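To be precise, the following lines are start-v6.cif, and they hold mmCIF, C-alpha atoms.
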data_protein
loop_
_atom_site.label_atom_id
_atom_site.label_comp_id
_atom_site.auth_asym_id
_atom_site.auth_seq_id
_atom_site.Cartn_x
_atom_site.Cartn_y
_atom_site.Cartn_z
CA MET I 803 133.03 101.39 109.63
CA GLN I 804 132.31 104.91 108.39
CA LYS I 805 135.88 105.25 107.05
CA VAL I 806 135.56 101.94 105.17
CA ILE I 807 132.29 103.02 103.58
CA LEU I 808 133.63 106.42 102.53
CA PHE I 809 136.82 104.83 101.12
CA SER I 810 134.69 102.43 99.07
CA VAL I 811 132.69 105.33 97.65
CA ILE I 812 135.79 107.38 96.89
CA SER I 813 137.48 104.44 95.17
CA GLN I 814 134.61 104.24 92.71
CA LEU I 815 134.32 107.96 92.01
CA PRO I 816 135.01 107.77 88.25
CA LEU I 817 132.11 105.34 87.75
CA PHE I 818 129.96 107.23 90.22
CA GLN I 819 130.60 110.56 88.50
CA ALA I 820 129.66 109.13 85.11
CA GLN I 821 126.42 107.73 86.48
CA TRP I 822 125.71 110.92 88.38
CA LEU I 823 126.13 113.12 85.32
CA GLY I 824 123.54 111.02 83.49
CA GLN I 825 120.96 111.04 86.30
CA GLN I 826 121.64 114.21 88.29
CA SER I 827 118.37 115.84 87.21
CA LEU I 828 116.45 112.76 88.32
CA ILE I 829 118.23 112.76 91.68
CA LYS I 830 117.30 116.40 92.17
CA ARG I 831 113.67 115.70 91.34
CA ASP I 832 113.55 112.65 93.60
CA TYR I 833 115.03 114.53 96.56
CA ALA I 834 113.40 117.91 96.04
CA LEU I 835 113.66 119.89 99.28
CA MET I 836 114.70 116.70 101.11
CA GLU I 837 117.12 117.08 104.02
CA TYR I 838 119.98 114.58 103.92
CA LEU I 839 120.54 112.57 107.10
CA VAL I 840 123.66 110.89 105.74
CA ASN I 841 126.47 112.18 103.57
CA GLU I 842 124.84 113.52 100.38
CA ALA I 843 127.33 111.73 98.11
CA VAL I 844 126.62 108.42 99.88
CA GLU I 845 122.87 109.01 99.51
CA ASP I 846 123.29 109.72 95.80
CA TYR I 847 125.47 106.61 95.42
CA ALA I 848 122.75 104.46 97.00
CA PHE I 849 120.18 106.06 94.68
CA LEU I 850 122.23 105.33 91.56
CA ASN I 851 122.89 101.75 92.59
CA THR I 852 119.24 100.92 93.32
CA SER I 853 117.00 99.47 90.59
CA GLU I 854 115.21 102.20 88.66
CA GLU I 855 111.48 102.65 89.07
CA PRO I 856 109.25 102.18 85.98
CA PRO I 857 109.14 105.14 83.56
CA LEU I 858 105.61 106.05 84.66
CA LEU I 859 106.85 106.63 88.20
CA THR I 860 109.74 108.76 86.92
CA GLU I 861 107.15 110.85 85.08
CA LEU I 862 105.08 111.04 88.27
CA ILE I 863 108.09 112.39 90.20
CA THR I 864 108.64 115.12 87.60
CA ALA I 865 104.96 116.09 87.51
CA THR I 866 104.74 116.18 91.30
CA ASN I 867 107.73 118.51 91.57
CA GLU I 868 106.38 120.76 88.82
CA THR I 869 102.73 121.01 89.84
CA MET I 870 102.23 120.05 93.50
CA GLY I 871 103.08 121.76 96.75
CA TRP I 872 105.37 120.02 99.24
CA PRO I 873 106.92 117.63 96.70
CA GLN I 874 109.27 116.28 99.39
CA LYS I 875 106.28 114.29 100.69
CA LEU I 876 106.81 111.92 97.75
CA SER I 877 108.58 108.74 98.88
CA GLY I 878 111.23 108.60 96.16
CA ARG I 879 113.27 105.75 94.73
CA LEU I 880 114.95 104.32 97.84
CA VAL I 881 111.73 104.10 99.84
CA GLY I 882 109.62 103.20 96.80
CA ARG I 883 111.83 100.31 95.69
CA THR I 884 111.99 99.10 99.31
CA LEU I 885 108.19 99.04 99.43
CA LYS I 886 108.00 97.26 96.09
CA MET I 887 110.55 94.67 97.25
CA LEU I 888 108.72 94.03 100.54
CA SER I 889 105.40 93.76 98.72
CA ALA I 890 106.81 91.38 96.10
CA ILE I 891 108.28 89.15 98.81
CA HIS I 892 105.20 89.27 101.05
CA GLN I 893 102.56 89.06 98.27
CA PRO I 894 99.78 90.86 100.20
CA ARG I 895 96.20 90.49 99.02
CA ARG I 896 94.79 93.04 101.47
CA ALA I 897 96.95 96.14 101.85
CA LEU I 898 96.48 99.64 103.23
CA GLU I 899 98.25 102.94 102.75
CA ILE I 900 97.70 105.84 105.14
CA GLY I 901 98.79 109.00 103.35
CA MET I 902 98.84 108.48 99.58
CA PHE I 903 99.87 111.96 98.33
CA THR I 904 100.40 111.73 94.54
CA GLY I 905 100.49 107.94 94.33
CA TYR I 906 104.19 107.09 94.00
CA SER I 907 104.29 104.77 97.02
CA ALA I 908 100.87 103.32 96.18
CA LEU I 909 102.02 102.29 92.70
CA SER I 910 105.26 100.93 94.17
CA ILE I 911 103.35 98.71 96.61
CA ALA I 912 100.80 97.66 93.99
CA GLU I 913 103.62 96.72 91.60
CA GLY I 914 104.70 93.96 93.98
CA MET I 915 101.20 92.71 94.83
CA PRO I 916 99.49 89.76 93.16
CA ASP I 917 97.06 90.63 90.37
CA ASP I 918 94.03 89.98 92.60
CA GLY I 919 95.39 92.08 95.48
CA LYS I 920 93.67 95.23 96.72
CA LEU I 921 95.37 98.30 98.14
CA ILE I 922 93.16 100.79 100.02
CA CYS I 923 94.69 104.28 100.06
CA CYS I 924 93.61 106.94 102.57
CA GLU I 925 94.09 110.58 101.55
CA THR I 926 92.61 113.93 102.65
CA ASN I 927 93.85 116.11 99.76
CA PRO I 928 91.33 116.14 96.87
CA ARG I 929 93.89 117.62 94.45
CA ALA I 930 96.42 114.91 95.28
CA ILE I 931 93.74 112.25 94.74
CA GLU I 932 92.81 113.69 91.33
CA PHE I 933 96.50 113.82 90.37
CA ALA I 934 97.21 110.26 91.53
CA LYS I 935 94.22 108.78 89.73
CA THR I 936 95.50 110.04 86.38
CA PHE I 937 98.58 107.88 86.90
CA PHE I 938 96.65 104.91 88.32
CA GLN I 939 94.56 104.89 85.13
CA ARG I 940 97.71 104.58 83.04
CA SER I 941 99.34 101.85 85.14
CA GLU I 942 98.93 98.11 84.67
CA HIS I 943 98.69 97.94 88.47
CA GLY I 944 96.14 100.72 88.88
CA HIS I 945 93.20 98.30 89.10
CA LYS I 946 94.56 97.07 92.44
CA ILE I 947 94.18 100.51 94.06
CA ASP I 948 91.05 101.93 95.74
CA VAL I 949 91.27 105.52 97.04
CA VAL I 950 89.27 106.59 100.08
CA PHE I 951 88.86 110.31 100.79
CA GLY I 952 88.70 111.35 104.44
CA LYS I 953 90.48 111.14 107.75
CA ALA I 954 92.39 107.89 108.10
CA LEU I 955 91.21 107.15 111.64
CA ASP I 956 87.59 107.33 110.46
CA THR I 957 88.44 105.03 107.55
CA LEU I 958 90.17 102.60 109.92
CA ASP I 959 87.07 102.48 112.11
CA ARG I 960 84.95 101.61 109.07
CA LEU I 961 87.45 99.02 107.86
CA SER I 962 87.25 97.20 111.18
CA HIS I 963 83.64 96.36 110.22
CA THR I 964 83.90 96.02 106.44
CA LEU I 965 87.18 94.24 105.64
CA ASP I 966 86.72 90.70 104.36
CA GLY I 967 89.79 89.60 106.30
CA PRO I 968 92.79 90.98 108.22
CA LEU I 969 95.38 93.21 106.61
CA ASP I 970 98.53 91.68 105.15
CA PHE I 971 100.51 94.89 104.60
CA THR I 972 100.24 98.55 105.65
CA PHE I 973 102.32 101.61 104.85
CA ILE I 974 101.91 104.57 107.22
CA ASP I 975 103.04 107.97 105.91
CA ALA I 976 100.54 110.61 107.02
CA ASP I 977 99.94 113.09 109.85
CA LYS I 978 102.78 112.45 112.30
CA ARG I 979 100.71 113.62 115.28
CA SER I 980 98.48 110.59 114.74
CA TYR I 981 101.23 108.03 114.11
CA LEU I 982 100.76 106.20 117.39
CA ASN I 983 96.99 106.02 116.89
CA TYR I 984 97.41 104.83 113.32
CA TYR I 985 99.86 102.15 114.37
CA LEU I 986 97.77 100.82 117.25
CA LYS I 987 94.63 100.62 115.12
CA VAL I 988 96.45 99.00 112.19
CA LYS I 989 98.03 96.49 114.54
CA GLU I 990 94.53 95.34 115.56
CA LEU I 991 93.54 94.90 111.90
CA THR I 992 96.71 93.05 110.86
CA ARG I 993 97.04 89.26 110.68
CA PRO I 994 99.87 87.40 112.41
CA GLY I 995 102.77 87.53 109.98
CA GLY I 996 101.51 90.78 108.46
CA LEU I 997 103.78 93.77 107.86
CA ILE I 998 103.43 97.39 108.96
CA VAL I 999 105.90 99.90 107.51
CA LEU I 1000 106.16 103.40 108.99
CA ASP I 1001 107.94 106.20 107.12
CA ASN I 1002 109.72 109.31 108.49
CA VAL I 1003 110.46 107.65 111.82
CA LEU I 1004 113.76 109.54 112.12
CA TRP I 1005 111.96 112.83 111.43
CA SER I 1006 115.08 114.60 110.16
CA GLY I 1007 116.93 113.44 113.28
CA LYS I 1008 114.57 115.27 115.64
CA VAL I 1009 113.78 112.02 117.47
CA LEU I 1010 117.25 112.30 119.05
CA GLN I 1011 116.38 115.57 120.78
CA PRO I 1012 112.57 115.87 120.78
CA GLU I 1013 111.23 119.38 121.24
CA SER I 1014 107.67 119.24 119.88
CA GLU I 1015 104.51 117.18 120.18
CA ILE I 1016 105.24 115.50 116.85
CA ASP I 1017 108.79 114.65 117.94
CA ASP I 1018 107.47 113.11 121.18
CA THR I 1019 104.81 111.11 119.32
CA LEU I 1020 107.37 109.57 116.97
CA VAL I 1021 109.75 108.78 119.83
CA GLU I 1022 106.95 107.06 121.74
CA THR I 1023 105.78 105.15 118.66
CA ASN I 1024 109.29 103.87 117.97
CA ARG I 1025 109.79 102.94 121.64
CA LEU I 1026 106.48 101.09 121.86
CA ILE I 1027 107.19 99.08 118.70
CA ALA I 1028 110.66 98.04 119.86
CA ALA I 1029 109.32 96.95 123.28
CA ASP I 1030 106.22 95.10 122.02
CA PRO I 1031 106.54 91.30 122.51
CA ASP I 1032 103.83 90.75 119.89
CA MET I 1033 105.92 92.41 117.18
CA GLU I 1034 109.39 92.24 115.69
CA ASN I 1035 110.94 95.09 113.77
CA VAL I 1036 113.97 96.46 111.99
CA PHE I 1037 114.58 100.20 112.07
CA LEU I 1038 116.17 101.21 108.77
CA THR I 1039 118.04 104.47 108.17
CA VAL I 1040 116.68 104.67 104.63
CA ARG I 1041 116.07 108.29 103.66
CA ASP I 1042 114.12 109.74 106.67
CA GLY I 1043 113.85 106.39 108.47
CA LEU I 1044 111.68 103.32 107.83
CA ASN I 1045 110.41 101.11 110.64
CA VAL I 1046 109.53 97.69 109.20
CA VAL I 1047 107.35 95.80 111.67
CA ARG I 1048 106.07 92.21 111.55
CA LYS I 1049 103.21 91.01 113.73
CA LEU I 1050 104.12 87.78 115.49
CA ARG I 1051 100.79 86.94 117.11
#
Could you render the structure from this file as structure tokens?
Amino acid sequence: MQKVILFSVISQLPLFQAQWLGQQSLIKRDYALMEYLVNEAVEDYAFLNTSEEPPLLTELITATNETMGWPQKLSGRLVGRTLKMLSAIHQPRRALEIGMFTGYSALSIAEGMPDDGKLICCETNPRAIEFAKTFFQRSEHGHKIDVVFGKALDTLDRLSHTLDGPLDFTFIDADKRSYLNYYLKVKELTRPGGLIVLDNVLWSGKVLQPESEIDDTLVETNRLIAADPDMENVFLTVRDGLNVVRKLR
């Protein structure tokens, strides 16, 4: 299968090279400091052949790379368009994001939500919140987003008492040491049929040979999800790994 894929890419190199030359700076910004888990040329090919994000998000990528530390925390096109697609298909009215950073993934999710949907974003970095809000204010989807400053587990405890109904959609992309706790709490708050999407579940491949507490936490989270009879999931090798989970009951 790998040989077939690589042959297909090679056979389209003239077209690929032309596209690449026109968007190479955007690719570099999108994948700033990102480690490739698959062949870099294949990753770039997937990027170029995925629908472009709106211009405001392209501007957000550039500004994040120029002004914020750890720009690799930004989701990027492949993850962002996946989130937008899932949101557009699922049409969530109550959504949650744990780990907003500069707002790229939040705007991607909100883009697919109905106009009366609400996305609650948890973030602990005041500078990232200030940055993200400047883009939310300029987006036609910004009115759907509410930002909550503070530790996500504290916010989740409050939401269990204040939400006007169960969650339809959650994206988890925050402190990896707390992934299992985030997941278990979000599962309680999610309706049957609701989606939970976890990012970085491959953790640069470290889940294959775990050596740290974070590695072990991600391995256990992935194992628990796959073995849970109340959930179904698909583990995608998109960028650093996406675990897309649907609550059955």
* **Selection result for the PyMOL selection byres ((chain I and resi 970) around 6) on this file, as an MDAnalysis selection string** => chainID I and resid 894 896:897 969 971 996
* To do: Please identify all polymer residues within 10 Å of Leu986 (chain I), counting all atoms listed in the file, omitting same-chain residues fewer than 3 positions from it, and present them as a ChimeraX atom specification.
  => /I:981-983,989-991,1023,1026-1027
Write out as a CSV table (one decimal) with C-alpha atoms, in the coordinates of the input the residues lying within 9 Å of Gly905 (chain I), counting only C-alpha atoms and excluding same-chain residues fewer than 5 positions away.
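Contents of around_11.csv, freshly written:
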chain,number,residue,atom,x,y,z
I,859,LEU,CA,106.8,106.6,88.2
I,862,LEU,CA,105.1,111.0,88.3
I,876,LEU,CA,106.8,111.9,97.8
I,910,SER,CA,105.3,100.9,94.2
I,923,CYS,CA,94.7,104.3,100.1
I,930,ALA,CA,96.4,114.9,95.3
I,931,ILE,CA,93.7,112.2,94.7
I,933,PHE,CA,96.5,113.8,90.4
I,934,ALA,CA,97.2,110.3,91.5
I,935,LYS,CA,94.2,108.8,89.7
I,937,PHE,CA,98.6,107.9,86.9
I,938,PHE,CA,96.6,104.9,88.3
* **Result set of the PyMOL selection byres ((chain I and resi 1047) around 9) on the coordinates above, as a VMD selection string** => chain I and resid 996 to 1000 1027 1033 to 1037 1045 to 1046 1048 to 1049
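Around Thr860 (chain I), within 10 Å and counting all atoms listed in the file, the residues found are Leu828, Arg831, Asp832, Glu854, Glu855, Pro856, Pro857, Leu858, Leu862, Ile863, Thr864, Ala865, Thr866, Gly878, Arg879 and Tyr906 of chain I, once anything fewer than 2 positions away on its own chain is removed.
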* Asked: Expressed in Å to a single decimal, how great is the separation between CA of Ala976 (chain I) and CA of Lys875 (chain I)?
  -> 9.3 Å
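Using all atoms listed in the file for every distance, the candidate list I:Gly919, I:Gly995, I:Gly882, I:Gly952 yields I:Gly882 as the residue closest to Phe849 (chain I).
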* **Interatomic distance (Å, one decimal) between CA of Asp977 (chain I) and CA of Ala954 (chain I)** => 9.3 Å
* Asked: Of the residues I:Thr869, I:Ser980, I:Thr957, I:Ser889, which is the one nearest to Thr1019 (chain I), using all atoms listed in the file?
  -> I:Ser980
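Separating CA of Thr904 (chain I) from CA of Lys920 (chain I) is a distance of 18.0 Å.
Proximity ranking of I:Pro928, I:Val988, I:Lys1008, I:Arg1051 relative to Leu958 (chain I) places I:Val988 first, based on only C-alpha atoms.
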* Given only C-alpha atoms as the counted atoms, nearest of I:Leu1004, I:Gly901, I:Thr992, I:Glu1015 to Leu1050 (chain I) -> I:Thr992
How big is the axis-aligned box, and where does its centre sit, when it encloses all atoms of region 1032-1044 of chain I listed in the file and has 3 Å added on every side, reported in Å to one decimal as lines of an AutoDock Vina configuration file?
center_x = 110.9
center_y = 100.2
center_z = 111.8
size_x = 20.2
size_y = 25.0
size_z = 22.2
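The point (107.0, 106.7, 106.3) has these residues within 9 Å of it, counting all atoms listed in the file: I:Ser877, I:Val881, I:Phe973, I:Ile974, I:Asp975, I:Ala976, I:Val999, I:Leu1000, I:Asp1001, I:Asn1002, I:Val1003, I:Asp1042, I:Gly1043, I:Leu1044, I:Asn1045.
Residues lying within 6 Å of (90.3, 105.5, 98.0). Counted over all atoms listed in the file, they are Ile922, Cys923, Cys924, Asp948, Val949, Val950 and Phe951 of chain I.
Minimum atom-to-atom distance to His945 (chain I), evaluated using only C-alpha atoms, belongs to I:Glu913 out of I:Leu850, I:Leu965, I:Glu913, I:Asp959.
The residue that comes closest to Pro968 (chain I), out of I:Arg895, I:Arg1025, I:Arg929, I:Lys946 and on the basis of all atoms listed in the file, is I:Arg895.
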